[in-house]
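Asks: My structure is in coords_19.tsv, and what it holds is TSV, C-alpha atoms:
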chain	number	residue	atom	x	y	z
T	1	MET	CA	-81.07	103.08	105.67
T	2	ILE	CA	-82.60	105.51	108.11
T	3	ILE	CA	-86.26	105.95	107.24
T	4	SER	CA	-86.44	109.44	108.72
T	5	ASP	CA	-84.00	110.50	105.97
T	6	ILE	CA	-86.52	109.78	103.19
T	7	ILE	CA	-89.86	110.79	104.73
T	8	SER	CA	-91.30	114.30	104.95
T	9	LEU	CA	-94.50	116.10	105.90
T	10	ASP	CA	-95.10	117.37	102.37
T	11	ARG	CA	-95.21	113.77	101.09
T	12	THR	CA	-97.46	112.42	103.85
T	13	GLU	CA	-101.26	112.39	104.02
T	14	CYS	CA	-103.55	111.14	106.77
T	15	ALA	CA	-106.99	109.56	106.38
T	16	VAL	CA	-107.57	110.25	102.69
T	17	ASP	CA	-111.03	109.49	101.36
T	18	CYS	CA	-110.24	106.84	98.78
T	19	HIS	CA	-112.13	103.68	97.83
T	20	SER	CA	-110.13	101.85	95.17
T	21	LYS	CA	-106.68	100.55	94.49
T	22	LYS	CA	-106.35	102.60	91.31
T	23	ARG	CA	-107.41	105.80	93.09
T	24	ILE	CA	-104.90	105.33	95.91
T	25	PHE	CA	-102.15	105.01	93.26
T	26	GLU	CA	-103.39	108.26	91.70
T	27	VAL	CA	-103.35	110.00	95.10
T	28	ILE	CA	-99.81	108.75	95.81
T	29	SER	CA	-98.67	109.94	92.37
T	30	GLU	CA	-100.23	113.38	92.87
T	31	ILE	CA	-98.48	113.77	96.23
T	32	ALA	CA	-95.16	112.64	94.71
T	33	VAL	CA	-95.16	115.18	91.90
T	34	LYS	CA	-96.43	118.09	94.01
T	35	GLY	CA	-93.02	118.95	95.42
T	36	ASN	CA	-90.89	117.37	92.71
T	37	PRO	CA	-91.14	119.22	89.40
T	38	GLN	CA	-88.76	116.75	87.73
T	39	LEU	CA	-91.39	114.01	88.17
T	40	ASP	CA	-94.14	113.40	85.63
T	41	LEU	CA	-97.51	112.30	87.03
T	42	ASN	CA	-98.13	109.74	84.29
T	43	ASP	CA	-94.61	108.28	84.61
T	44	VAL	CA	-95.00	107.85	88.36
T	45	LEU	CA	-98.45	106.30	88.07
T	46	SER	CA	-97.44	104.02	85.19
T	47	SER	CA	-94.34	102.83	87.01
T	48	MET	CA	-96.24	101.87	90.16
T	49	LEU	CA	-99.09	100.24	88.23
T	50	ALA	CA	-96.62	98.24	86.12
T	51	ARG	CA	-94.92	96.97	89.28
T	52	GLU	CA	-98.28	96.12	90.83
T	53	LYS	CA	-99.23	94.00	87.79
T	54	MET	CA	-96.24	91.78	88.60
T	55	GLY	CA	-97.77	91.02	92.00
T	56	SER	CA	-99.43	92.85	94.84
T	57	THR	CA	-97.27	95.07	97.01
T	58	GLY	CA	-99.69	94.47	99.88
T	59	ILE	CA	-97.45	92.83	102.50
T	60	GLY	CA	-100.22	91.94	104.95
T	61	ASN	CA	-101.66	93.40	108.15
T	62	GLY	CA	-103.29	96.24	106.22
T	63	ILE	CA	-99.97	97.53	104.83
T	64	ALA	CA	-98.75	98.02	101.25
T	65	ILE	CA	-95.39	99.19	99.96
T	66	PRO	CA	-96.10	100.21	96.36
T	67	HIS	CA	-93.00	101.19	94.46
T	68	GLY	CA	-91.67	102.06	91.05
T	69	ARG	CA	-88.42	102.81	89.28
T	70	ILE	CA	-88.23	106.31	87.86
T	71	GLU	CA	-85.86	107.61	85.22
T	72	GLY	CA	-84.16	110.91	86.01
T	73	ILE	CA	-84.36	111.06	89.79
T	74	GLU	CA	-81.23	110.87	91.93
T	75	ASP	CA	-82.69	110.08	95.35
T	76	ILE	CA	-85.42	107.87	96.73
T	77	VAL	CA	-88.78	109.60	97.15
T	78	ALA	CA	-91.06	108.21	99.87
T	79	ILE	CA	-94.79	108.94	100.07
T	80	ILE	CA	-96.86	107.86	103.07
T	81	VAL	CA	-100.64	107.78	102.93
T	82	THR	CA	-103.26	106.36	105.23
T	83	SER	CA	-106.79	105.86	103.97
T	84	GLU	CA	-109.89	106.71	105.94
T	85	GLU	CA	-111.26	103.23	105.25
T	86	PRO	CA	-109.24	100.14	104.27
T	87	ILE	CA	-109.12	99.40	100.52
T	88	GLN	CA	-109.27	96.01	98.82
T	89	PHE	CA	-105.71	95.57	97.55
T	90	ASP	CA	-105.07	91.87	96.80
T	91	ALA	CA	-102.59	91.77	99.69
T	92	ILE	CA	-100.85	88.50	100.49
T	93	ASP	CA	-103.21	87.92	103.44
T	94	ASP	CA	-106.29	89.05	101.44
T	95	LYS	CA	-107.00	91.77	104.01
T	96	PRO	CA	-107.77	95.35	102.92
T	97	VAL	CA	-105.03	97.96	103.23
T	98	ASP	CA	-105.07	101.32	105.00
T	99	ILE	CA	-101.34	102.13	105.29
T	100	PHE	CA	-99.43	102.86	102.08
T	101	PHE	CA	-95.68	103.51	102.19
T	102	ALA	CA	-94.80	104.19	98.56
T	103	LEU	CA	-91.29	104.47	97.13
T	104	LEU	CA	-89.99	105.94	93.93
T	105	VAL	CA	-86.43	104.91	93.28
T	106	PRO	CA	-83.85	105.86	90.66
T	107	ARG	CA	-84.01	103.30	87.86
T	108	GLU	CA	-80.37	102.25	88.28
T	109	GLN	CA	-80.37	101.76	92.08
T	110	THR	CA	-81.22	98.05	92.30
T	111	GLN	CA	-79.37	97.11	95.49
T	112	GLU	CA	-80.30	100.28	97.35
T	113	HIS	CA	-83.93	99.74	96.31
T	114	LEU	CA	-83.99	96.27	97.86
T	115	GLN	CA	-82.31	97.47	101.05
T	116	THR	CA	-84.80	100.31	101.40
T	117	LEU	CA	-87.77	97.97	100.90
T	118	SER	CA	-86.33	95.63	103.52
T	119	SER	CA	-85.82	98.48	106.02
T	120	ILE	CA	-89.38	99.72	105.56
T	121	ALA	CA	-90.87	96.24	105.85
T	122	LYS	CA	-88.89	95.69	109.04
T	123	LYS	CA	-90.03	99.04	110.50
T	124	LEU	CA	-93.66	98.28	109.61
T	125	SER	CA	-93.47	94.85	111.24
T	126	ASP	CA	-93.39	96.64	114.61
T	127	LYS	CA	-96.95	96.46	115.91
T	128	ASN	CA	-96.50	99.60	118.04
T	129	ILE	CA	-95.42	101.66	115.03
T	130	VAL	CA	-98.32	100.39	112.93
T	131	LYS	CA	-100.76	101.08	115.76
T	132	ALA	CA	-99.41	104.64	116.12
T	133	ILE	CA	-99.77	105.22	112.36
T	134	ARG	CA	-103.35	103.91	112.38
T	135	ASN	CA	-104.22	106.07	115.39
T	136	ALA	CA	-102.61	109.19	113.91
T	137	ALA	CA	-105.00	112.13	113.64
T	138	ASN	CA	-102.68	114.08	111.33
T	139	LYS	CA	-99.57	113.71	109.20
T	140	ASP	CA	-97.28	115.04	111.96
T	141	GLN	CA	-98.25	112.05	114.07
T	142	ILE	CA	-97.55	109.66	111.18
T	143	ILE	CA	-94.05	111.10	110.77
T	144	LEU	CA	-93.48	110.93	114.53
T	145	ALA	CA	-94.51	107.25	114.57
T	146	LEU	CA	-91.91	106.46	111.91
T	147	ALA	CA	-89.09	108.54	113.43
Will you turn the file into structure tokens for me?

Replies:
Amino acid sequence: MIISDIISLDRTECAVDCHSKKRIFEVISEIAVKGNPQLDLNDVLSSMLAREKMGSTGIGNGIAIPHGRIEGIEDIVAIIVTSEEPIQFDAIDDKPVDIFFALLVPREQTQEHLQTLSSIAKKLSDKNIVKAIRNAANKDQIILALA
């Protein structure tokens, strides 16, 4: 899995003004459906919230990888958002989150889904990449940090 294959400028936002876990999921869902007319806002939001109820997708160090399975899509959709201020997220280390790398995956792609999550977690374990994302002044710089 090459992360640069699934990320794009139109699904990336930098320093959004957001103060709650629910609102960041709404922002991610809005970004996801903007360029994907086959996606339904409520389906995307419901899928991510349902997954989050099973356990926090906050992996620590201010990073979360929210994800959901979506019926009717053929390819993985990645959405990257940084928040202006960190948000309480019930992450495994109890620290607030400011980097959100969300994934929408085709419902039937179980193995690919796990491999993609693993690749993203590995990429985001690199302190230099995370620092570059946090220091990004715009979405171009976020994409560049992940390339």

Asks: What's the 9 Å shell around region 126-143 of chain T, counting all atoms listed in the file, without same-chain residues fewer than 5 positions away, as a list in words?

Replies: Ser4, Ile7, Ser8, Leu9, Asp10, Thr12, Glu13, Cys14, Ala15, Ile63, Ile80, Val81, Thr82, Asp98 and Ile99 of chain T

Asks: For a quick check of understanding, using all atoms listed in the file, which of T:Leu124, T:Leu146, T:Ile59, T:Val44 has the smallest distance to Arg107 (chain T)?

Replies: T:Val44

Asks: Nearest residue to Ile87 (chain T) out of T:Ser20, T:Asn61, T:Ser47, T:Ser118, using all atoms listed in the file?

Replies: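 Comparing T:Ser20, T:Asn61, T:Ser47, T:Ser118 against Ile87 (chain T), the winner is T:Ser20.
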
Asks: Return the padded bounding box of region 75-93 of chain T as lines of an AutoDock Vina configuration file: axis-aligned, built from all atoms listed in the file, 3 Å added on each side, with centre and edge lengths in Å to one decimal.

Replies:
center_x = -97.0
center_y = 99.0
center_z = 100.6
size_x = 34.6
size_y = 28.2
size_z = 16.6

Asks: Between T:Ala64, T:Ala121, T:Val97, T:Ala102, which is the closest to Cys18 (chain T) once you count only C-alpha atoms?

Replies: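 The shortest atom-to-atom distance to Cys18 (chain T) comes from T:Val97.
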
Asks: I'd like the contact shell of region 28-41 of chain T - 7 Å cut-off, only C-alpha atoms, skipping same-chain residues fewer than 3 positions apart - returned as a PyMOL selection string.

Replies: chain T and resi 11+24-25+44-45+79

Asks: Taking all atoms listed in the file into account, which of T:Ile120, T:Glu71, T:Gly60, T:Pro66 comes nearest Lys95 (chain T)?

Replies: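 Using all atoms listed in the file, the shortest distance to Lys95 (chain T) belongs to T:Gly60.
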
Asks: Can you tell me how far CA of Gln115 (chain T) sits from CA of Thr57 (chain T), in Å to one decimal?

Replies: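 Atom-to-atom, CA of Gln115 (chain T) to CA of Thr57 (chain T), that is 15.7 Å.
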
Asks: Report as a VMD selection string all protein, DNA and RNA residues lying within 8 Å of Ser56 (chain T), evaluated on all atoms listed in the file, omitting residues in the same chain fewer than 4 positions from it.

Replies: chain T and resid 52 89 to 92

Asks: Which value, in Å to one decimal, gives the distance between CA of Ser83 (chain T) and CA of Ile3 (chain T)?

Replies: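 Separating CA of Ser83 (chain T) from CA of Ile3 (chain T) is a distance of 20.8 Å.
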
Asks: T:Lys123, T:Gly58, T:Phe101, T:Lys22: which is nearest Val77 (chain T), counting all atoms listed in the file?

Replies: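 For Val77 (chain T), the nearest of the candidates is T:Phe101.
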
Asks: Suppose you want the space between CA of Leu103 (chain T) and CA of Ile70 (chain T); what is it in Å?

Replies: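 Taking CA of Leu103 (chain T) as the start and CA of Ile70 (chain T) as the end point, the length is 9.9 Å.
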
Asks: Can you pull out every residue within 10 Å of Pro106 (chain T), counting only C-alpha atoms, but drop anything in the same chain fewer than 6 positions away, and send it as a PyMOL selection string?

Replies: chain T and resi 68-77+112-113

Asks: Of the residues T:Glu108, T:Lys122, T:Thr116, T:His67, which is the one nearest to Gly55 (chain T), using only C-alpha atoms?

Replies: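 Closest candidate: T:His67.
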